[in-house]
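The structure file upload.cif is reproduced below (mmCIF, C-alpha atoms).
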```cif
data_input
#
loop_
_atom_site.group_PDB
_atom_site.id
_atom_site.type_symbol
_atom_site.label_atom_id
_atom_site.label_comp_id
_atom_site.auth_asym_id
_atom_site.auth_seq_id
_atom_site.Cartn_x
_atom_site.Cartn_y
_atom_site.Cartn_z
ATOM 1 C CA MET A 159 246.246 129.998 12.768
ATOM 2 C CA GLU A 160 248.005 128.661 15.863
ATOM 3 C CA LEU A 161 250.296 126.371 13.838
ATOM 4 C CA THR A 162 251.963 129.353 12.170
ATOM 5 C CA ARG A 163 253.752 130.129 15.428
ATOM 6 C CA HIS A 164 255.201 126.609 15.546
ATOM 7 C CA PHE A 165 256.324 126.727 11.927
ATOM 8 C CA GLU A 166 258.009 130.097 12.469
ATOM 9 C CA TYR A 167 259.960 128.594 15.383
ATOM 10 C CA VAL A 168 261.081 125.600 13.323
ATOM 11 C CA HIS A 169 262.076 127.838 10.440
ATOM 12 C CA LYS A 170 264.126 130.053 12.734
ATOM 13 C CA TYR A 171 265.722 127.455 15.018
ATOM 14 C CA GLY A 172 265.417 124.138 13.234
ATOM 15 C CA ILE A 173 263.552 120.949 13.843
ATOM 16 C CA LEU A 174 266.199 119.324 16.034
ATOM 17 C CA LYS A 175 266.076 122.164 18.550
ATOM 18 C CA ARG A 176 262.358 121.385 19.038
ATOM 19 C CA ASP A 177 263.062 117.681 19.630
ATOM 20 C CA ALA A 178 262.200 117.421 23.328
ATOM 21 C CA HIS A 179 263.071 113.724 23.395
ATOM 22 C CA GLY A 180 266.728 114.253 22.482
ATOM 23 C CA ASP A 181 266.467 111.726 19.640
ATOM 24 C CA HIS A 182 268.765 112.877 16.890
ATOM 25 C CA ASP A 183 268.005 110.382 14.165
ATOM 26 C CA ALA A 184 265.373 110.160 11.467
ATOM 27 C CA THR A 185 263.398 107.029 12.307
ATOM 28 C CA ASP A 186 259.629 107.175 11.831
ATOM 29 C CA LEU A 187 259.235 107.150 15.617
ATOM 30 C CA THR A 188 261.574 110.111 16.083
ATOM 31 C CA VAL A 189 259.918 112.074 13.281
ATOM 32 C CA SER A 190 256.467 111.376 14.761
ATOM 33 C CA ARG A 191 257.684 112.544 18.193
ATOM 34 C CA ILE A 192 259.166 115.717 16.706
ATOM 35 C CA ALA A 193 255.974 116.418 14.738
ATOM 36 C CA GLU A 194 253.896 115.820 17.890
ATOM 37 C CA ASP A 195 256.118 118.206 19.827
ATOM 38 C CA ILE A 196 255.692 120.890 17.176
ATOM 39 C CA ILE A 197 252.023 120.537 16.195
ATOM 40 C CA GLY A 198 250.523 118.088 18.715
ATOM 41 C CA LYS A 199 248.960 120.786 20.892
ATOM 42 C CA ASP A 200 246.922 121.953 17.918
ATOM 43 C CA ILE A 201 245.644 118.649 16.510
ATOM 44 C CA LEU A 202 243.561 115.763 17.840
ATOM 45 C CA HIS A 203 242.695 112.402 16.283
ATOM 46 C CA VAL A 204 239.059 111.378 16.776
ATOM 47 C CA GLU A 205 238.871 107.752 17.866
ATOM 48 C CA ARG A 206 236.682 105.455 15.719
ATOM 49 C CA THR A 207 235.987 108.046 12.993
ATOM 50 C CA GLY A 208 239.614 108.526 11.983
ATOM 51 C CA ASN A 209 239.033 112.248 11.462
ATOM 52 C CA TRP A 210 241.353 114.930 12.748
ATOM 53 C CA LEU A 211 240.564 118.130 14.620
ATOM 54 C CA LEU A 212 242.695 121.228 14.078
ATOM 55 C CA TRP A 213 242.696 124.098 16.588
ATOM 56 C CA ASN A 214 242.337 127.331 14.590
ATOM 57 C CA GLY A 215 242.910 129.635 17.547
ATOM 58 C CA HIS A 216 239.185 129.818 18.355
ATOM 59 C CA CYS A 217 237.691 126.355 17.900
ATOM 60 C CA TRP A 218 238.442 122.822 16.756
ATOM 61 C CA GLU A 219 237.806 122.312 13.020
ATOM 62 C CA GLN A 220 237.258 118.866 11.559
ATOM 63 C CA ARG A 221 239.709 117.678 8.899
ATOM 64 C CA ASP A 222 239.871 114.433 6.963
ATOM 65 C CA SER A 223 243.652 114.485 6.970
ATOM 66 C CA ILE A 224 246.622 116.273 8.472
ATOM 67 C CA ALA A 225 248.624 115.837 5.255
ATOM 68 C CA PRO A 226 248.525 119.587 4.449
ATOM 69 C CA ILE A 227 249.926 120.331 7.910
ATOM 70 C CA LEU A 228 252.742 117.819 7.430
ATOM 71 C CA ASP A 229 253.376 119.304 3.950
ATOM 72 C CA LYS A 230 253.766 122.724 5.568
ATOM 73 C CA LEU A 231 256.090 121.258 8.212
ATOM 74 C CA ALA A 232 258.178 119.578 5.484
ATOM 75 C CA ASP A 233 258.377 122.861 3.528
ATOM 76 C CA THR A 234 259.415 124.682 6.699
ATOM 77 C CA VAL A 235 262.183 122.150 7.403
ATOM 78 C CA LYS A 236 263.390 122.471 3.803
ATOM 79 C CA ALA A 237 263.452 126.293 4.081
ATOM 80 C CA HIS A 238 265.358 126.038 7.382
ATOM 81 C CA ILE A 239 267.986 123.764 5.806
ATOM 82 C CA SER A 240 268.425 126.249 2.962
ATOM 83 C CA ASP A 241 268.657 129.245 5.317
ATOM 84 C CA ILE A 242 271.160 127.539 7.626
ATOM 85 C CA THR A 243 273.331 126.480 4.699
ATOM 86 C CA LYS A 244 273.289 130.064 3.409
ATOM 87 C CA GLN A 245 273.917 131.627 6.852
ATOM 88 C CA SER A 246 276.825 129.306 7.574
ATOM 89 C CA ARG A 247 278.522 130.756 4.472
ATOM 90 C CA THR A 248 277.446 134.419 4.534
ATOM 91 C CA GLN A 249 277.314 135.142 8.297
ATOM 92 C CA LYS A 250 279.983 132.698 9.392
ATOM 93 C CA ILE A 251 281.139 134.324 12.661
ATOM 94 C CA THR A 252 277.659 135.128 14.011
ATOM 95 C CA PHE A 253 276.196 131.835 12.861
ATOM 96 C CA PHE A 254 278.922 129.574 14.241
ATOM 97 C CA LYS A 255 279.029 131.447 17.550
ATOM 98 C CA ALA A 256 275.320 130.751 18.094
ATOM 99 C CA PHE A 257 275.643 127.191 16.770
ATOM 100 C CA ALA A 258 278.612 126.463 19.070
ATOM 101 C CA GLU A 259 276.645 127.741 22.052
ATOM 102 C CA TRP A 260 273.612 125.581 21.178
ATOM 103 C CA LYS A 261 275.704 122.444 20.587
ATOM 104 C CA ASN A 262 278.030 123.209 23.519
ATOM 105 C CA ILE A 263 281.122 123.062 21.302
ATOM 106 C CA ASP A 264 284.294 125.131 21.572
ATOM 107 C CA PRO A 265 283.707 128.001 19.080
ATOM 108 C CA THR A 266 287.365 127.953 18.041
ATOM 109 C CA ASN A 267 287.192 124.324 16.898
ATOM 110 C CA GLN A 268 285.995 124.949 13.322
ATOM 111 C CA ASP A 269 286.454 121.324 12.216
ATOM 112 C CA ARG A 270 284.184 120.101 15.031
ATOM 113 C CA LEU A 271 281.650 122.850 14.260
ATOM 114 C CA ASP A 272 281.601 121.949 10.544
ATOM 115 C CA GLU A 273 281.232 118.253 11.341
ATOM 116 C CA SER A 274 278.434 118.883 13.856
ATOM 117 C CA LEU A 275 276.602 121.232 11.474
ATOM 118 C CA GLU A 276 276.799 118.722 8.625
ATOM 119 C CA GLY A 277 275.492 115.987 10.952
ATOM 120 C CA ALA A 278 272.559 118.139 12.068
ATOM 121 C CA LEU A 279 271.725 119.124 8.479
ATOM 122 C CA GLU A 280 271.960 115.500 7.366
ATOM 123 C CA ILE A 281 269.386 114.521 9.989
ATOM 124 C CA GLU A 282 267.129 117.448 9.034
ATOM 125 C CA ARG A 283 267.364 116.391 5.358
ATOM 126 C CA ALA A 284 266.370 112.840 6.322
ATOM 127 C CA ILE A 285 263.458 114.199 8.392
ATOM 128 C CA TYR A 286 262.373 116.323 5.431
ATOM 129 C CA LYS A 287 262.421 113.250 3.173
ATOM 130 C CA LYS A 288 260.290 111.295 5.664
ATOM 131 C CA LEU A 289 257.770 114.134 5.965
ATOM 132 C CA SER A 290 257.622 114.340 2.151
ATOM 133 C CA SER A 291 257.272 110.602 1.494
ATOM 134 C CA ALA A 292 253.696 109.301 1.408
ATOM 135 C CA GLY A 293 254.635 105.880 2.826
ATOM 136 C CA CYS A 294 256.654 107.278 5.717
ATOM 137 C CA ARG A 295 254.082 109.954 6.363
ATOM 138 C CA ASN A 296 251.342 107.333 6.752
ATOM 139 C CA GLN A 297 253.445 105.626 9.435
ATOM 140 C CA ILE A 298 254.135 108.949 11.154
ATOM 141 C CA VAL A 299 250.442 109.932 11.101
ATOM 142 C CA GLY A 300 249.500 106.517 12.512
ATOM 143 C CA MET A 301 251.953 106.897 15.392
ATOM 144 C CA MET A 302 250.781 110.438 16.099
ATOM 145 C CA GLY A 303 247.139 109.330 16.033
ATOM 146 C CA THR A 304 247.716 106.879 18.861
ATOM 147 C CA HIS A 305 249.060 109.655 21.119
ATOM 148 C CA LEU A 306 246.693 112.463 20.146
ATOM 149 C CA THR A 307 243.403 110.589 20.374
ATOM 150 C CA VAL A 308 240.151 111.986 21.711
ATOM 151 C CA HIS A 309 237.048 109.840 22.195
ATOM 152 C CA PRO A 310 233.978 111.093 20.263
ATOM 153 C CA ASP A 311 231.987 111.283 23.529
ATOM 154 C CA ARG A 312 234.340 114.075 24.715
ATOM 155 C CA LEU A 313 233.401 116.312 21.780
ATOM 156 C CA ASP A 314 230.920 119.140 22.230
ATOM 157 C CA GLN A 315 229.840 118.225 25.765
ATOM 158 C CA ASN A 316 229.048 121.792 26.796
ATOM 159 C CA THR A 317 225.659 122.366 25.174
ATOM 160 C CA ASP A 318 225.404 125.867 26.698
ATOM 161 C CA LYS A 319 227.977 127.188 24.228
ATOM 162 C CA LEU A 320 227.631 127.747 20.507
ATOM 163 C CA VAL A 321 230.963 127.586 18.748
ATOM 164 C CA PHE A 322 231.877 129.816 15.821
ATOM 165 C CA THR A 323 235.118 130.090 13.875
ATOM 166 C CA ASN A 324 236.053 133.256 15.790
ATOM 167 C CA GLY A 325 234.928 132.323 19.326
ATOM 168 C CA CYS A 326 231.877 131.058 21.185
ATOM 169 C CA TYR A 327 228.560 132.347 22.429
ATOM 170 C CA ASP A 328 227.577 131.380 25.977
ATOM 171 C CA CYS A 329 223.799 130.860 25.964
ATOM 172 C CA VAL A 330 223.634 131.128 29.784
ATOM 173 C CA THR A 331 225.452 134.456 30.181
ATOM 174 C CA GLY A 332 224.670 135.908 26.751
ATOM 175 C CA GLN A 333 228.367 136.709 26.315
ATOM 176 C CA PHE A 334 230.502 136.148 23.234
ATOM 177 C CA GLY A 335 234.081 135.217 24.055
ATOM 178 C CA GLU A 336 237.026 132.959 23.558
ATOM 179 C CA ASN A 337 236.531 129.238 23.278
ATOM 180 C CA ASP A 338 238.418 126.986 25.669
ATOM 181 C CA ARG A 339 240.373 124.382 23.686
ATOM 182 C CA SER A 340 240.110 121.902 26.607
ATOM 183 C CA GLN A 341 236.329 121.688 26.077
ATOM 184 C CA VAL A 342 236.950 120.121 22.644
ATOM 185 C CA ALA A 343 234.106 122.085 21.061
ATOM 186 C CA THR A 344 233.856 121.843 17.295
#
```
File written out as structure tokens:
Amino acid sequence: MELTRHFEYVHKYGILKRDAHGDHDATDLTVSRIAEDIIGKDILHVERTGNWLLWNGHCWEQRDSIAPILDKLADTVKAHISDITKQSRTQKITFFKAFAEWKNIDPTNQDRLDESLEGALEIERAIYKKLSSAGCRNQIVGMMGTHLTVHPDRLDQNTDKLVFTNGCYDCVTGQFGENDRSQVAT
């Protein structure tokens, strides 16, 4: 599944490093932007029906909800927090060197590094709580839906292609190949 790649990145580098907007807080808007940045390429919200489409690497699959995806993202953030906390204790020199470079902090200023790390982890904990809370998650999903919307008329316009879970068959050429995600074929 395409989303696995995104979750691996978040687990390795953290959710704040993926935040393309530079917002380092945990408001619903920020969390929705971060989630869009991480998984937005692989999900679409179908206007009027309220259903979601998930790109599986070969075609768009219809889903009633993206809650399982947000659950996985929340679990990934939680695992990252745990790993970073552990690494900051067990691999102190290597960890803080990389962290100082990312945060553009003097690596010899341990107090500043500790303070910055605790601030980043505090925000990631707050983001995890929002992703785990049903009420917050509904707000986040609503905000994401407004940005990731596709009109039902755009779905399955290419009638010359039959879509399968592992690719598509082109009825004109008789070839089986990769599906193009931009065609929004389900």
(message) What's the separation between atom CA of Ala184 of chain A and atom CA of Lys261 of chain A, in Å to one decimal place?
(response)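 We find that atom CA of Ala184 of chain A and atom CA of Lys261 of chain A lie 18.5 Å from each other.
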(request) Using the chain letters and numbers from the file, give me the residues hit by the PyMOL selection byres ((chain A and resi 222-234) around 8), as a PyMOL selection string. (result) chain A and resi 165+168-169+208-210+220-221+235-238+286-287+289-290+299
(message) Evaluated on this file, the PyMOL selection byres ((chain A and resi 269-279) around 12) picks out some residues - which ones are they, written as a ChimeraX atom specification?
(response) /A:171-175,181-184,235-243,245-247,250-251,253-268,280-286
(request) Measuring atom to atom with only C-alpha atoms, identify which of A:Arg312, A:His305, A:His216, A:Lys288 is nearest to Asp338 of chain A. (result)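 Checking each of A:Arg312, A:His305, A:His216, A:Lys288 against Asp338 of chain A, counting only C-alpha atoms, the winner is A:His216.
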(request) Around the point (237.7, 112.4, 19.7), in the coordinates given by the file, pick out the residues reaching within 8 Å, counting all atoms listed in the file, and return them as a ChimeraX atom specification. (result) /A:202-205,307-313
(request) Report the distance between atom CA of Met302 of chain A and atom CA of Asn337 of chain A in Å, rounded to one decimal place. (result)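 These atoms are spaced 24.7 Å apart.
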(request) Starting from the displayed file, determine the output of the PyMOL selection byres ((chain A and resi 334) around 10) and express the residue list as a list of chain:residue names. (result)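 So the PyMOL selection byres ((chain A and resi 334) around 10) ends up selecting A:Lys319, A:Leu320, A:Val321, A:Phe322, A:Asn324, A:Gly325, A:Cys326, A:Tyr327, A:Asp328, A:Cys329, A:Thr331, A:Gly332, A:Gln333, A:Gly335, A:Glu336, A:Asn337.
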(message) Rounded to one decimal, what separation in Å do you get between atom CA of Asp200 of chain A and atom CA of Thr344 of chain A?
(response)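 Computing the Euclidean distance for atom CA of Asp200 of chain A and atom CA of Thr344 of chain A yields 13.1 Å.
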(request) Give the answer as one residue: which of A:Gln341, A:Thr317, A:Ile298, A:Val330 has the shortest atom-to-atom distance to Leu187 of chain A, using only C-alpha atoms? (result) A:Ile298
(request) Select, from A:Leu306, A:Asn316, A:Cys217, A:Asp186, the residue with the minimum atom-to-atom distance to Ser291 of chain A, counting all atoms listed in the file. (result)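 Using all atoms listed in the file, Ser291 of chain A sits closest to A:Asp186.
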